[in-house]
Amino acid sequence: MQAFLDMISACEGTAGPDGYRTLFGGKLFDGYVTHPNIRTPFTQTDGTVNYSTAAGRYQITYPTFLRLSKKLGTVDFTPETQDRMAIELITEDGGLGYVDSGNLQAAIDKCGGTWASLPSSHYPQPKRTYAFASEAYTDAGGSLA
């Protein structure tokens, strides 16, 4: 699971020591008391201007944070909470069994509706390749089935 989380972080561009404090677009936020809920404008690959509140190592949006906070009984946005939320999202996507068995492509395919940077994503945003994701996963200690 840790290798898969690290792979998501690499794909999202939040790998490294400041990943848990990274806003969409790369700026950093202070503190983990709660989700920062900062709307950042961006232009999608189809030319449409949109906004994102994505934040943290797994680029969790504010509405997702609110929903998962209720479900998991959390209030903060600490690294531990971000990890729990990411694992819950993987579970909700139906990817947990594939992560556990090391079937990386199937796990990525299941989670592409959640993380815009994954190769299976349908969002009009830049995506990483399966090769990039696979390398990030194995570099993090994951083994492929």
# chains A, B, ... in the order shown; residues from 1 in each chain; ligands from 1

call {"tool": "closest_atom_pairs", "arguments": {"of": "stretch 6-40 of chain A", "to": "stretch 52-66 of chain A", "cutoff": "8 Å", "atoms": "only C-alpha atoms", "output": "JSON lines"}}
result
{"residue": "A:Ile8", "atom": "CA", "partner": "A:Tyr58", "partner_atom": "CA", "distance": 6.7}
{"residue": "A:Ser9", "atom": "CA", "partner": "A:Arg57", "partner_atom": "CA", "distance": 5.7}
{"residue": "A:Glu12", "atom": "CA", "partner": "A:Tyr58", "partner_atom": "CA", "distance": 6.8}
{"residue": "A:Thr14", "atom": "CA", "partner": "A:Arg57", "partner_atom": "CA", "distance": 5.3}
{"residue": "A:Ala15", "atom": "CA", "partner": "A:Arg57", "partner_atom": "CA", "distance": 7.2}
{"residue": "A:Gly19", "atom": "CA", "partner": "A:Arg57", "partner_atom": "CA", "distance": 4.6}
{"residue": "A:Tyr20", "atom": "CA", "partner": "A:Gly56", "partner_atom": "CA", "distance": 4.3}
{"residue": "A:Arg21", "atom": "CA", "partner": "A:Gly56", "partner_atom": "CA", "distance": 5.1}
{"residue": "A:Thr22", "atom": "CA", "partner": "A:Gly56", "partner_atom": "CA", "distance": 5.0}
{"residue": "A:Leu23", "atom": "CA", "partner": "A:Ala55", "partner_atom": "CA", "distance": 4.3}
{"residue": "A:Phe24", "atom": "CA", "partner": "A:Ala54", "partner_atom": "CA", "distance": 5.2}
{"residue": "A:His35", "atom": "CA", "partner": "A:Tyr62", "partner_atom": "CA", "distance": 6.6}
{"residue": "A:Pro36", "atom": "CA", "partner": "A:Ala55", "partner_atom": "CA", "distance": 7.3}
{"residue": "A:Asn37", "atom": "CA", "partner": "A:Thr53", "partner_atom": "CA", "distance": 5.5}
{"residue": "A:Ile38", "atom": "CA", "partner": "A:Thr53", "partner_atom": "CA", "distance": 5.3}
{"residue": "A:Arg39", "atom": "CA", "partner": "A:Thr53", "partner_atom": "CA", "distance": 4.7}
{"residue": "A:Thr40", "atom": "CA", "partner": "A:Ser52", "partner_atom": "CA", "distance": 5.2}

call {"tool": "residues_around", "arguments": {"residues": "A:Ala140", "least_positions_apart": "2", "cutoff": "10 Å", "atoms": "only C-alpha atoms", "output": "number ranges by chain"}}
result
A: 2-7, 10, 134-138, 142-143

call {"tool": "write_last_selection", "arguments": {"atoms": "C-alpha atoms", "output": "mmCIF file, in the first residue's frame"}}
result
data_model
loop_
_atom_site.group_PDB
_atom_site.id
_atom_site.type_symbol
_atom_site.label_atom_id
_atom_site.label_comp_id
_atom_site.auth_asym_id
_atom_site.auth_seq_id
_atom_site.Cartn_x
_atom_site.Cartn_y
_atom_site.Cartn_z
ATOM 1 C CA GLN A 2 2.800 2.431 0.834
ATOM 2 C CA ALA A 3 4.323 2.000 -2.626
ATOM 3 C CA PHE A 4 0.927 2.690 -4.226
ATOM 4 C CA LEU A 5 0.462 5.817 -2.098
ATOM 5 C CA ASP A 6 3.960 6.945 -3.063
ATOM 6 C CA MET A 7 3.099 6.313 -6.729
ATOM 7 C CA ALA A 10 4.633 11.003 -7.664
ATOM 8 C CA SER A 134 5.085 1.789 -12.771
ATOM 9 C CA GLU A 135 8.559 3.236 -12.266
ATOM 10 C CA ALA A 136 7.372 5.357 -9.327
ATOM 11 C CA TYR A 137 5.709 2.290 -7.801
ATOM 12 C CA THR A 138 8.735 0.025 -8.126
ATOM 13 C CA GLY A 142 6.350 -2.063 -4.855
ATOM 14 C CA SER A 143 6.543 -5.334 -6.737
#

call {"tool": "atom_distance", "arguments": {"atom1": "atom CA of A:Thr114", "atom2": "atom CA of A:Ala86"}}
result
9.7 Å

call {"tool": "residues_around", "arguments": {"residues": "A:Ser117", "least_positions_apart": "5", "cutoff": "9 Å", "atoms": "only C-alpha atoms", "output": "MDAnalysis selection string"}}
result
chainID A and resid 8 11:13 112 123 125:129

call {"tool": "select_by_dssp", "arguments": {"residues": "stretch 35-72 of chain A", "states": "helix (DSSP H, G or I)", "output": "JSON, numbers by chain"}}
result
{"A": [62, 63, 64, 65, 66, 67, 68, 69, 70, 71, 72]}

call {"tool": "atom_distance", "arguments": {"atom1": "atom CA of A:Met1", "atom2": "atom CA of A:Leu96"}}
result
8.5 Å

call {"tool": "residues_around", "arguments": {"residues": "A:Glu92", "least_positions_apart": "3", "cutoff": "12 Å", "atoms": "only C-alpha atoms", "output": "ChimeraX atom specification"}}
result
/A:68,71,85-89,95-97,107,110-111,113-114

call {"tool": "select_by_dssp", "arguments": {"residues": "stretch 4-71 of chain A", "states": "strand (DSSP E)", "output": "PyMOL selection string"}}
result
chain A and resi 40-43+49-52

call {"tool": "write_last_selection", "arguments": {"atoms": "N, CA and C atoms", "output": "compact mmCIF listing (two decimals), in the first residue's frame"}}
result
# COMPACT_ATOMS: atom_id res chain seq x y z
N THR A 40 -7.89 27.36 -6.52
CA THR A 40 -6.82 27.74 -7.43
C THR A 40 -7.31 27.60 -8.87
N PRO A 41 -7.24 28.70 -9.66
CA PRO A 41 -7.68 28.59 -11.05
C PRO A 41 -6.64 27.85 -11.90
N PHE A 42 -7.13 27.16 -12.92
CA PHE A 42 -6.25 26.50 -13.88
C PHE A 42 -7.00 26.33 -15.19
N THR A 43 -6.25 26.14 -16.26
CA THR A 43 -6.83 25.90 -17.57
C THR A 43 -6.71 24.42 -17.89
N VAL A 49 -11.39 27.16 -18.35
CA VAL A 49 -10.85 27.60 -17.07
C VAL A 49 -11.70 26.96 -15.97
N ASN A 50 -11.02 26.37 -15.00
CA ASN A 50 -11.69 25.69 -13.91
C ASN A 50 -10.97 26.08 -12.61
N TYR A 51 -11.47 25.59 -11.49
CA TYR A 51 -10.87 25.86 -10.18
C TYR A 51 -10.72 24.55 -9.44
N SER A 52 -9.69 24.46 -8.62
CA SER A 52 -9.50 23.27 -7.80
C SER A 52 -9.15 23.67 -6.37

call {"tool": "closest_residue", "arguments": {"among": "A:Tyr32, A:Gln44, A:Tyr98, A:Pro17", "to": "A:Glu80", "atoms": "only C-alpha atoms"}}
result
A:Tyr32

call {"tool": "closest_residue", "arguments": {"among": "A:Asp18, A:Asp109, A:Asp76, A:Asp139", "to": "A:Val33", "atoms": "only C-alpha atoms"}}
result
A:Asp76
